Amino acid sequence: MALWCRDRGRHSIPHYWLHNRVMSTDVISGLQIILRIVLAVVFIGAGIAHFRPSVTRTMAAMIPPRLRVAGPLNPTNLVLFTGVCEISGGVGLLLPITMVPAGTALVVFLAAVFPANAYAAGHRKRFGRIAIPFVPRLIIQLIVMALIVLAIV
């Protein structure tokens, strides 16, 4: 009870946090910078992987049949384009002037590529261990999206 009351000279926990600034803005800014660097490394690395021929073929196969078209928007070109998006987004997270638009674009990107991940989840025999089951994959994507938002706000 004493923690939540201001009697006999004791302060409540919220009072302590507000007035003693346990997490200063400098600490929060430092954590955001670290988070942006980690996310940038992950996205740049994943983007580069899109250009490995075996990865390109596997990811192209993950695109749901209803989204496959011939011509410039064929599955292989889409995989290469998403690789460029991931690399660009990762680099953008590292630059103060572009971190907000890059982070926003990466959140939209993760939503846009989710149908391919969901398709792979439904075809585990075909895609093996990269086919993370639907619900865990959805949770992972939402967590990554939240981390991006935390890193840029």
# chains A, B, ... in the order shown; residues from 1 in each chain; ligands from 1
>>> closest_atom_pairs(of="range 26-100 of chain A", to="range 117-126 of chain A", cutoff="8 Å", atoms="only C-alpha atoms", output="tab-separated table")
residue	atom	partner	partner_atom	distance
A:Met62	CA	A:Ala120	CA	5.5
A:Ile63	CA	A:Tyr119	CA	7.1
A:Pro64	CA	A:Tyr119	CA	5.9
>>> closest_residue(among="A:Met59, A:Leu35, A:Ala116, A:Val153", to="Leu80 in chain A", atoms="only C-alpha atoms")
A:Met59
>>> closest_residue(among="A:Val149, A:Ala46, A:Ile37, A:Leu78", to="Val100 in chain A", atoms="only C-alpha atoms")
A:Val149
>>> residues_around(residues="Ala102 in chain A", least_positions_apart="3", cutoff="8 Å", atoms="only C-alpha atoms", output="PyMOL selection string")
chain A and resi 88-90+92-93+98-99+105-106
>>> closest_residue(among="A:Ile33, A:Ile44, A:Leu110, A:Val84", to="Ile139 in chain A", atoms="only C-alpha atoms")
A:Leu110
>>> closest_residue(among="A:Arg66, A:Gly83, A:Asn77, A:Ser29", to="Ala49 in chain A", atoms="only C-alpha atoms")
A:Gly83
>>> atom_distance(atom1="CA of His50 in chain A", atom2="CA of Ala151 in chain A")
24.3 Å
>>> residues_around(residues="Ala111 in chain A", least_positions_apart="5", cutoff="9 Å", atoms="only C-alpha atoms", output="MDAnalysis selection string")
chainID A and resid 106 141:142 145
>>> write_last_selection(atoms="N, CA and C atoms", output="mmCIF file, in the first residue's frame")
data_model
loop_
_atom_site.group_PDB
_atom_site.id
_atom_site.type_symbol
_atom_site.label_atom_id
_atom_site.label_comp_id
_atom_site.auth_asym_id
_atom_site.auth_seq_id
_atom_site.Cartn_x
_atom_site.Cartn_y
_atom_site.Cartn_z
ATOM 1 N N LEU A 106 8.592 0.186 -44.793
ATOM 2 C CA LEU A 106 8.860 -1.201 -44.388
ATOM 3 C C LEU A 106 7.642 -1.836 -43.714
ATOM 4 N N GLN A 141 5.498 -11.130 -37.823
ATOM 5 C CA GLN A 141 5.388 -9.947 -38.686
ATOM 6 C C GLN A 141 4.864 -8.752 -37.902
ATOM 7 N N LEU A 142 3.856 -8.968 -37.051
ATOM 8 C CA LEU A 142 3.300 -7.865 -36.256
ATOM 9 C C LEU A 142 4.333 -7.332 -35.263
ATOM 10 N N MET A 145 6.796 -5.268 -37.217
ATOM 11 C CA MET A 145 6.157 -3.989 -37.536
ATOM 12 C C MET A 145 6.168 -3.051 -36.326
#
>>> select_by_dssp(residues="chain A", states="alpha helix (DSSP H)", output="count of residues only")
109
